[in-house]
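J.: Have a look at this one.
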Amino acid sequence: MEGLRRYWPLLLLALVAIGGAIWWSAKRAEERRVEEELAQAQGIVRVLSATFSNKAALKVGEVKGTLDVTTVDPGAVPFLRSSQKATIPYSVGYTLDLSGVGADDYRWDPARRSLTIRVPTVTPEPPNVDEANRSVAGTSGLFVTRGASANLARRASQLATAKAGEVAAEPANLAAAQKNAEKVVADLARAPLDAAGLGPITVRVVTPAAGVQDGERWDVSRSIEQVLADRQR
(Lines give C-alpha, C1' and ligand atoms only; values in the text may rest on other atoms or scores of the structure.)
Protein backbone atom coordinates (compact mmCIF):
# COMPACT_ATOMS: atom_id res chain seq x y z
CA MET A 1 0.00 0.00 0.00
CA GLU A 2 2.84 2.27 0.97
CA GLY A 3 4.50 1.57 -2.35
CA LEU A 4 1.33 2.40 -4.27
CA ARG A 5 1.12 5.80 -2.63
CA ARG A 6 4.42 6.71 -4.17
CA TYR A 7 2.78 6.55 -7.61
CA TRP A 8 -0.22 8.77 -6.77
CA PRO A 9 1.48 11.98 -7.88
CA LEU A 10 2.30 10.34 -11.18
CA LEU A 11 -1.28 9.08 -11.54
CA LEU A 12 -2.63 12.53 -10.69
CA LEU A 13 -0.28 14.13 -13.18
CA ALA A 14 -1.40 11.66 -15.84
CA LEU A 15 -5.06 12.43 -15.16
CA VAL A 16 -4.39 16.16 -15.37
CA ALA A 17 -2.54 15.65 -18.64
CA ILE A 18 -5.37 13.57 -20.10
CA GLY A 19 -7.94 16.11 -18.95
CA GLY A 20 -5.90 18.92 -20.43
CA ALA A 21 -5.58 17.10 -23.73
CA ILE A 22 -9.34 16.54 -23.87
CA TRP A 23 -9.99 20.21 -23.03
CA TRP A 24 -7.48 21.38 -25.63
CA SER A 25 -8.96 19.09 -28.27
CA ALA A 26 -12.47 20.36 -27.55
CA LYS A 27 -11.24 23.97 -27.58
CA ARG A 28 -9.52 23.49 -30.94
CA ALA A 29 -12.61 21.79 -32.37
CA GLU A 30 -14.73 24.77 -31.28
CA GLU A 31 -12.22 27.21 -32.72
CA ARG A 32 -12.22 25.34 -36.02
CA ARG A 33 -16.02 25.38 -36.05
CA VAL A 34 -16.12 29.14 -35.45
CA GLU A 35 -13.42 29.71 -38.09
CA GLU A 36 -15.42 27.62 -40.54
CA GLU A 37 -18.60 29.58 -39.81
CA LEU A 38 -16.69 32.83 -40.20
CA ALA A 39 -15.26 31.71 -43.55
CA GLN A 40 -18.72 30.71 -44.75
CA ALA A 41 -20.22 34.03 -43.61
CA GLN A 42 -17.42 36.04 -45.22
CA GLY A 43 -17.77 34.04 -48.43
CA ILE A 44 -21.52 34.61 -48.56
CA VAL A 45 -21.21 38.36 -48.00
CA ARG A 46 -18.40 38.65 -50.57
CA VAL A 47 -20.27 36.70 -53.26
CA LEU A 48 -23.64 38.39 -52.73
CA SER A 49 -22.15 41.88 -52.44
CA ALA A 50 -20.57 41.40 -55.85
CA THR A 51 -23.83 39.99 -57.24
CA PHE A 52 -26.15 42.66 -55.84
CA SER A 53 -23.95 45.75 -56.13
CA ASN A 54 -25.02 46.57 -59.69
CA LYS A 55 -28.68 45.59 -59.26
CA ALA A 56 -30.13 49.03 -58.55
CA ALA A 57 -33.13 48.47 -60.82
CA LEU A 58 -33.80 44.74 -61.00
CA LYS A 59 -36.99 44.09 -62.98
CA VAL A 60 -39.21 41.79 -60.90
CA GLY A 61 -42.69 42.11 -62.38
CA GLU A 62 -45.16 43.95 -64.56
CA VAL A 63 -48.83 44.77 -64.68
CA LYS A 64 -50.45 45.63 -67.99
CA GLY A 65 -53.81 45.94 -69.70
CA THR A 66 -56.04 48.54 -71.32
CA LEU A 67 -57.87 51.54 -69.91
CA ASP A 68 -61.07 53.17 -71.16
CA VAL A 69 -60.90 56.94 -70.72
CA THR A 70 -63.24 59.78 -71.58
CA THR A 71 -61.86 63.28 -72.04
CA VAL A 72 -63.47 66.65 -72.64
CA ASP A 73 -62.22 69.79 -74.36
CA PRO A 74 -64.33 72.82 -73.33
CA GLY A 75 -63.49 74.80 -76.48
CA ALA A 76 -63.11 78.54 -76.75
CA VAL A 77 -66.90 78.92 -76.73
CA PRO A 78 -69.60 76.51 -75.44
CA PHE A 79 -70.71 75.26 -78.86
CA LEU A 80 -67.12 74.12 -79.58
CA ARG A 81 -67.17 71.75 -76.60
CA SER A 82 -66.07 68.23 -77.60
CA SER A 83 -65.44 64.89 -75.94
CA GLN A 84 -63.80 61.63 -76.82
CA LYS A 85 -63.80 58.02 -75.61
CA ALA A 86 -60.62 56.04 -76.13
CA THR A 87 -59.04 52.74 -75.13
CA ILE A 88 -55.33 52.91 -74.38
CA PRO A 89 -52.96 49.99 -73.61
CA TYR A 90 -50.61 50.49 -70.67
CA SER A 91 -47.89 48.69 -68.73
CA VAL A 92 -46.15 49.36 -65.44
CA GLY A 93 -43.00 47.52 -64.38
CA TYR A 94 -41.85 46.83 -60.84
CA THR A 95 -38.21 47.12 -59.82
CA LEU A 96 -36.19 46.17 -56.77
CA ASP A 97 -33.05 48.01 -55.63
CA LEU A 98 -30.52 45.49 -54.27
CA SER A 99 -27.50 47.81 -54.37
CA GLY A 100 -27.95 48.76 -50.71
CA VAL A 101 -28.30 45.23 -49.34
CA GLY A 102 -25.41 44.61 -46.93
CA ALA A 103 -24.13 42.25 -44.24
CA ASP A 104 -26.80 43.35 -41.77
CA ASP A 105 -29.45 42.10 -44.18
CA TYR A 106 -28.16 38.51 -44.15
CA ARG A 107 -29.06 35.91 -41.51
CA TRP A 108 -26.90 32.80 -41.78
CA ASP A 109 -27.78 29.60 -39.92
CA PRO A 110 -24.77 27.30 -40.44
CA ALA A 111 -26.40 24.35 -38.69
CA ARG A 112 -29.29 24.29 -41.15
CA ARG A 113 -27.29 25.88 -43.98
CA SER A 114 -30.08 28.39 -44.32
CA LEU A 115 -29.65 31.97 -45.51
CA THR A 116 -32.31 34.65 -45.01
CA ILE A 117 -31.96 37.83 -47.06
CA ARG A 118 -33.82 41.01 -46.18
CA VAL A 119 -34.63 43.10 -49.26
CA PRO A 120 -36.48 46.40 -49.80
CA THR A 121 -40.05 46.52 -51.05
CA VAL A 122 -40.65 46.70 -54.78
CA THR A 123 -41.18 50.05 -56.48
CA PRO A 124 -43.53 50.68 -59.42
CA GLU A 125 -41.88 52.31 -62.43
CA PRO A 126 -43.46 55.30 -64.20
CA PRO A 127 -46.42 54.01 -66.26
CA ASN A 128 -45.91 53.41 -69.95
CA VAL A 129 -48.91 54.41 -72.07
CA ASP A 130 -48.95 52.98 -75.59
CA GLU A 131 -50.17 55.91 -77.66
CA ALA A 132 -49.37 54.14 -80.91
CA ASN A 133 -52.03 51.50 -80.24
CA ARG A 134 -54.69 53.81 -78.85
CA SER A 135 -58.15 53.21 -80.30
CA VAL A 136 -60.88 55.88 -80.35
CA ALA A 137 -64.37 54.58 -79.61
CA GLY A 138 -66.09 57.85 -80.52
CA THR A 139 -65.76 61.61 -80.64
CA SER A 140 -68.64 64.01 -80.09
CA GLY A 141 -68.93 67.73 -80.74
CA LEU A 142 -70.45 70.12 -83.24
CA PHE A 143 -67.04 70.93 -84.64
CA VAL A 144 -63.80 69.35 -83.44
CA THR A 145 -60.88 71.56 -84.34
CA ARG A 146 -57.33 70.30 -84.81
CA GLY A 147 -56.36 71.98 -81.55
CA ALA A 148 -59.28 70.37 -79.73
CA SER A 149 -58.33 66.95 -81.11
CA ALA A 150 -54.77 67.39 -79.87
CA ASN A 151 -56.05 68.46 -76.45
CA LEU A 152 -58.33 65.43 -76.23
CA ALA A 153 -55.44 63.09 -77.07
CA ARG A 154 -53.11 64.76 -74.57
CA ARG A 155 -55.69 64.63 -71.78
CA ALA A 156 -56.47 61.00 -72.57
CA SER A 157 -52.78 60.18 -72.21
CA GLN A 158 -52.55 62.04 -68.90
CA LEU A 159 -55.68 60.37 -67.55
CA ALA A 160 -54.54 56.91 -68.64
CA THR A 161 -51.12 57.49 -67.05
CA ALA A 162 -52.71 58.48 -63.75
CA LYS A 163 -55.07 55.50 -63.78
CA ALA A 164 -52.25 53.11 -64.66
CA GLY A 165 -50.30 54.38 -61.66
CA GLU A 166 -53.31 53.70 -59.43
CA VAL A 167 -53.63 50.17 -60.76
CA ALA A 168 -49.94 49.50 -60.16
CA ALA A 169 -50.25 50.74 -56.56
CA GLU A 170 -53.14 48.42 -55.72
CA PRO A 171 -52.19 46.15 -52.76
CA ALA A 172 -52.89 42.93 -54.68
CA ASN A 173 -50.61 43.95 -57.56
CA LEU A 174 -47.85 45.12 -55.22
CA ALA A 175 -48.08 41.85 -53.27
CA ALA A 176 -47.83 39.79 -56.45
CA ALA A 177 -44.76 41.75 -57.58
CA GLN A 178 -43.15 41.38 -54.14
CA LYS A 179 -43.74 37.63 -54.12
CA ASN A 180 -42.15 37.32 -57.53
CA ALA A 181 -39.25 39.51 -56.35
CA GLU A 182 -38.56 37.08 -53.51
CA LYS A 183 -38.27 34.20 -55.99
CA VAL A 184 -36.09 36.23 -58.36
CA VAL A 185 -33.69 37.24 -55.56
CA ALA A 186 -33.50 33.69 -54.16
CA ASP A 187 -32.59 32.34 -57.60
CA LEU A 188 -30.15 35.21 -58.17
CA ALA A 189 -28.40 34.49 -54.86
CA ARG A 190 -28.38 30.70 -55.10
CA ALA A 191 -26.58 30.49 -58.47
CA PRO A 192 -23.34 32.34 -57.53
CA LEU A 193 -23.22 30.71 -54.09
CA ASP A 194 -23.35 27.29 -55.71
CA ALA A 195 -20.75 28.34 -58.27
CA ALA A 196 -18.45 29.55 -55.45
CA GLY A 197 -18.71 26.15 -53.73
CA LEU A 198 -20.77 27.48 -50.82
CA GLY A 199 -23.91 25.53 -51.71
CA PRO A 200 -26.23 23.86 -51.40
CA ILE A 201 -27.88 26.57 -49.31
CA THR A 202 -31.57 27.13 -48.59
CA VAL A 203 -32.33 30.76 -49.41
CA ARG A 204 -35.32 32.63 -47.97
CA VAL A 205 -36.11 36.23 -48.91
CA VAL A 206 -38.10 38.59 -46.68
CA THR A 207 -39.01 42.29 -46.57
CA PRO A 208 -38.36 44.59 -43.58
CA ALA A 209 -42.07 44.40 -42.69
CA ALA A 210 -41.97 40.60 -42.54
CA GLY A 211 -39.20 40.53 -39.94
CA VAL A 212 -36.91 37.60 -39.18
CA GLN A 213 -37.99 34.91 -36.76
CA ASP A 214 -34.93 32.67 -36.88
CA GLY A 215 -31.19 33.16 -36.96
CA GLU A 216 -29.11 35.91 -35.42
CA ARG A 217 -29.13 39.63 -36.08
CA TRP A 218 -25.83 40.85 -37.50
CA ASP A 219 -25.19 44.28 -36.01
CA VAL A 220 -24.28 46.60 -38.89
CA SER A 221 -22.06 48.66 -36.56
CA ARG A 222 -19.67 45.71 -36.10
CA SER A 223 -17.83 43.43 -38.45
CA ILE A 224 -18.90 39.82 -38.99
CA GLU A 225 -15.61 38.76 -37.40
CA GLN A 226 -16.51 40.59 -34.16
CA VAL A 227 -20.01 39.12 -34.06
CA LEU A 228 -18.72 35.55 -34.42
CA ALA A 229 -15.94 36.24 -31.92
CA ASP A 230 -18.59 37.31 -29.41
CA ARG A 231 -20.35 34.00 -29.99
CA GLN A 232 -17.15 32.11 -29.22
CA ARG A 233 -16.79 33.90 -25.89
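Chains: A, B, ... in order of the C-alpha coordinates. Residues: from 1 per chain. Ligands: from 1, in order shown.
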Show which residues sit within 7 Å of segment 188-203 of chain A, as a VMD selection string. Count only C-alpha atoms, and ignore same-chain residues fewer than 5 positions away.
T.: chain A and resid 44 47 to 48 113 to 116
J.: Please identify all polymer residues within 7 Å of segment 99-105 of chain A, counting only C-alpha atoms, omitting same-chain residues fewer than 2 positions from it, and present them as a ChimeraX atom specification.
T.: /A:45,49,52-56,97,107,117-119,218-220
J.: Just want the 12 Å neighbourhood of Ser135 of chain A, counted on only C-alpha atoms, with same-chain residues fewer than 4 positions away dropped. Output as a ChimeraX atom specification.
T.: /A:66-69,84-89,130-131,139,153,156-157
J.: Limited to N, CA and C atoms, could you put the picked residues into a file as a PDB file, in the first residue's frame?
T.:
```
ATOM      1  N   THR A  66     -55.514  47.385 -70.580  1.00  0.00           N
ATOM      2  CA  THR A  66     -56.043  48.537 -71.324  1.00  0.00           C
ATOM      3  C   THR A  66     -56.942  49.350 -70.413  1.00  0.00           C
ATOM      4  N   LEU A  67     -57.037  50.631 -70.703  1.00  0.00           N
ATOM      5  CA  LEU A  67     -57.873  51.540 -69.914  1.00  0.00           C
ATOM      6  C   LEU A  67     -58.829  52.291 -70.833  1.00  0.00           C
ATOM      7  N   ASP A  68     -60.077  52.375 -70.429  1.00  0.00           N
ATOM      8  CA  ASP A  68     -61.067  53.167 -71.156  1.00  0.00           C
ATOM      9  C   ASP A  68     -61.154  54.538 -70.499  1.00  0.00           C
ATOM     10  N   VAL A  69     -60.888  55.581 -71.263  1.00  0.00           N
ATOM     11  CA  VAL A  69     -60.897  56.936 -70.715  1.00  0.00           C
ATOM     12  C   VAL A  69     -61.795  57.829 -71.567  1.00  0.00           C
ATOM     13  N   GLN A  84     -64.291  62.800 -76.103  1.00  0.00           N
ATOM     14  CA  GLN A  84     -63.801  61.625 -76.822  1.00  0.00           C
ATOM     15  C   GLN A  84     -63.653  60.437 -75.868  1.00  0.00           C
ATOM     16  N   LYS A  85     -64.008  59.262 -76.350  1.00  0.00           N
ATOM     17  CA  LYS A  85     -63.797  58.019 -75.606  1.00  0.00           C
ATOM     18  C   LYS A  85     -62.696  57.230 -76.312  1.00  0.00           C
ATOM     19  N   ALA A  86     -61.754  56.771 -75.536  1.00  0.00           N
ATOM     20  CA  ALA A  86     -60.624  56.044 -76.129  1.00  0.00           C
ATOM     21  C   ALA A  86     -60.213  54.876 -75.228  1.00  0.00           C
ATOM     22  N   THR A  87     -59.600  53.885 -75.851  1.00  0.00           N
ATOM     23  CA  THR A  87     -59.039  52.736 -75.133  1.00  0.00           C
ATOM     24  C   THR A  87     -57.535  52.740 -75.369  1.00  0.00           C
ATOM     25  N   ILE A  88     -56.782  52.760 -74.273  1.00  0.00           N
ATOM     26  CA  ILE A  88     -55.327  52.910 -74.382  1.00  0.00           C
ATOM     27  C   ILE A  88     -54.625  51.771 -73.631  1.00  0.00           C
ATOM     28  N   PRO A  89     -53.750  51.028 -74.301  1.00  0.00           N
ATOM     29  CA  PRO A  89     -52.962  49.995 -73.614  1.00  0.00           C
ATOM     30  C   PRO A  89     -51.924  50.651 -72.688  1.00  0.00           C
ATOM     31  N   ASP A 130     -49.229  53.303 -74.185  1.00  0.00           N
ATOM     32  CA  ASP A 130     -48.946  52.979 -75.589  1.00  0.00           C
ATOM     33  C   ASP A 130     -49.841  53.805 -76.517  1.00  0.00           C
ATOM     34  N   GLU A 131     -49.386  55.010 -76.807  1.00  0.00           N
ATOM     35  CA  GLU A 131     -50.174  55.912 -77.660  1.00  0.00           C
ATOM     36  C   GLU A 131     -50.333  55.365 -79.077  1.00  0.00           C
ATOM     37  N   THR A 139     -66.000  60.195 -80.932  1.00  0.00           N
ATOM     38  CA  THR A 139     -65.755  61.608 -80.638  1.00  0.00           C
ATOM     39  C   THR A 139     -67.043  62.367 -80.892  1.00  0.00           C
ATOM     40  N   ALA A 153     -56.438  64.161 -77.091  1.00  0.00           N
ATOM     41  CA  ALA A 153     -55.440  63.091 -77.070  1.00  0.00           C
ATOM     42  C   ALA A 153     -54.477  63.268 -75.897  1.00  0.00           C
ATOM     43  N   ALA A 156     -56.253  62.446 -72.673  1.00  0.00           N
ATOM     44  CA  ALA A 156     -56.469  60.998 -72.575  1.00  0.00           C
ATOM     45  C   ALA A 156     -55.204  60.304 -72.097  1.00  0.00           C
ATOM     46  N   SER A 157     -54.057  60.758 -72.619  1.00  0.00           N
ATOM     47  CA  SER A 157     -52.783  60.177 -72.209  1.00  0.00           C
ATOM     48  C   SER A 157     -52.502  60.452 -70.732  1.00  0.00           C
TER      49      SER A 157
END
```
J.: Just the helix (DSSP H, G or I) stuff from segment 72-174 of chain A, please, per backbone DSSP, written as a ChimeraX atom specification.
T.: /A:78-80,103-105,131-133,146-168,171-174
J.: Atom CA of Ala176 of chain A and atom CA of Val92 of chain A, how far apart in Å?
T.: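 Straight-line distance from atom CA of Val92 of chain A to atom CA of Ala176 of chain A works out to 13.2 Å.
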J.: As an exercise, work out the distance from atom CA of Ala162 of chain A to atom CA of Thr207 of chain A in Å and give it to one decimal place.
T.: 27.3 Å
J.: Let's see if you can do this: from backbone DSSP, list all strand (DSSP E or B) residues in segment 38-196 of chain A, as an MDAnalysis selection string.
T.: chainID A and resid 58:73 82:96 106:109 114:118 123:124 128:129 135:141
J.: Using only C-alpha atoms, find the one residue out of A:Ser149, A:Val206, A:Thr71, A:Thr123 that sits nearest to Leu58 of chain A.
T.: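 Closest to Leu58 of chain A, using only C-alpha atoms: A:Thr123.
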J.: Skipping near chain neighbours, those fewer than 2 positions away, what residues fall within 9 Å of Ala177 of chain A using only C-alpha atoms, listed as a PyMOL selection string?
T.: chain A and resi 60-63+94-95+122+172-175+179-182
J.: Convert the current residue selection to file output with N, CA, C and O atoms, as a PDB file, in the first residue's frame.
T.:
```pdb
ATOM      1  N   VAL A  60     -38.655  42.948 -61.610  1.00  0.00           N
ATOM      2  CA  VAL A  60     -39.214  41.792 -60.898  1.00  0.00           C
ATOM      3  C   VAL A  60     -40.695  41.558 -61.189  1.00  0.00           C
ATOM      4  O   VAL A  60     -41.300  40.663 -60.603  1.00  0.00           O
ATOM      5  N   GLY A  61     -41.280  42.328 -62.076  1.00  0.00           N
ATOM      6  CA  GLY A  61     -42.692  42.110 -62.376  1.00  0.00           C
ATOM      7  C   GLY A  61     -43.263  43.195 -63.260  1.00  0.00           C
ATOM      8  O   GLY A  61     -42.609  44.212 -63.544  1.00  0.00           O
ATOM      9  N   GLU A  62     -44.483  42.978 -63.687  1.00  0.00           N
ATOM     10  CA  GLU A  62     -45.157  43.946 -64.557  1.00  0.00           C
ATOM     11  C   GLU A  62     -46.663  43.733 -64.487  1.00  0.00           C
ATOM     12  O   GLU A  62     -47.143  42.610 -64.357  1.00  0.00           O
ATOM     13  N   VAL A  63     -47.383  44.831 -64.544  1.00  0.00           N
ATOM     14  CA  VAL A  63     -48.832  44.774 -64.676  1.00  0.00           C
ATOM     15  C   VAL A  63     -49.188  45.530 -65.947  1.00  0.00           C
ATOM     16  O   VAL A  63     -48.613  46.580 -66.241  1.00  0.00           O
ATOM     17  N   TYR A  94     -42.252  46.731 -62.240  1.00  0.00           N
ATOM     18  CA  TYR A  94     -41.847  46.835 -60.839  1.00  0.00           C
ATOM     19  C   TYR A  94     -40.357  46.528 -60.740  1.00  0.00           C
ATOM     20  O   TYR A  94     -39.873  45.565 -61.351  1.00  0.00           O
ATOM     21  N   THR A  95     -39.645  47.334 -59.984  1.00  0.00           N
ATOM     22  CA  THR A  95     -38.214  47.117 -59.818  1.00  0.00           C
ATOM     23  C   THR A  95     -37.857  46.974 -58.341  1.00  0.00           C
ATOM     24  O   THR A  95     -38.602  47.394 -57.450  1.00  0.00           O
ATOM     25  N   VAL A 122     -40.714  46.368 -53.362  1.00  0.00           N
ATOM     26  CA  VAL A 122     -40.650  46.701 -54.783  1.00  0.00           C
ATOM     27  C   VAL A 122     -41.181  48.116 -55.017  1.00  0.00           C
ATOM     28  O   VAL A 122     -41.955  48.646 -54.227  1.00  0.00           O
ATOM     29  N   ALA A 172     -53.001  44.275 -54.097  1.00  0.00           N
ATOM     30  CA  ALA A 172     -52.893  42.930 -54.684  1.00  0.00           C
ATOM     31  C   ALA A 172     -51.785  42.881 -55.724  1.00  0.00           C
ATOM     32  O   ALA A 172     -51.021  41.900 -55.788  1.00  0.00           O
ATOM     33  N   ASN A 173     -51.666  43.926 -56.544  1.00  0.00           N
ATOM     34  CA  ASN A 173     -50.608  43.950 -57.565  1.00  0.00           C
ATOM     35  C   ASN A 173     -49.228  44.117 -56.947  1.00  0.00           C
ATOM     36  O   ASN A 173     -48.258  43.501 -57.394  1.00  0.00           O
ATOM     37  N   LEU A 174     -49.123  44.948 -55.912  1.00  0.00           N
ATOM     38  CA  LEU A 174     -47.852  45.118 -55.222  1.00  0.00           C
ATOM     39  C   LEU A 174     -47.419  43.809 -54.552  1.00  0.00           C
ATOM     40  O   LEU A 174     -46.247  43.436 -54.594  1.00  0.00           O
ATOM     41  N   ALA A 175     -48.387  43.119 -53.947  1.00  0.00           N
ATOM     42  CA  ALA A 175     -48.077  41.854 -53.271  1.00  0.00           C
ATOM     43  C   ALA A 175     -47.596  40.799 -54.263  1.00  0.00           C
ATOM     44  O   ALA A 175     -46.661  40.040 -53.983  1.00  0.00           O
ATOM     45  N   LYS A 179     -43.917  39.086 -54.184  1.00  0.00           N
ATOM     46  CA  LYS A 179     -43.739  37.630 -54.117  1.00  0.00           C
ATOM     47  C   LYS A 179     -42.826  37.148 -55.239  1.00  0.00           C
ATOM     48  O   LYS A 179     -41.949  36.293 -55.025  1.00  0.00           O
ATOM     49  N   ASN A 180     -43.012  37.693 -56.410  1.00  0.00           N
ATOM     50  CA  ASN A 180     -42.149  37.317 -57.525  1.00  0.00           C
ATOM     51  C   ASN A 180     -40.716  37.802 -57.285  1.00  0.00           C
ATOM     52  O   ASN A 180     -39.744  37.109 -57.638  1.00  0.00           O
ATOM     53  N   ALA A 181     -40.583  38.975 -56.658  1.00  0.00           N
ATOM     54  CA  ALA A 181     -39.249  39.506 -56.348  1.00  0.00           C
ATOM     55  C   ALA A 181     -38.500  38.570 -55.412  1.00  0.00           C
ATOM     56  O   ALA A 181     -37.292  38.359 -55.561  1.00  0.00           O
ATOM     57  N   GLU A 182     -39.200  37.995 -54.454  1.00  0.00           N
ATOM     58  CA  GLU A 182     -38.564  37.078 -53.509  1.00  0.00           C
ATOM     59  C   GLU A 182     -38.002  35.857 -54.235  1.00  0.00           C
ATOM     60  O   GLU A 182     -36.902  35.381 -53.923  1.00  0.00           O
TER      61      GLU A 182
END
```
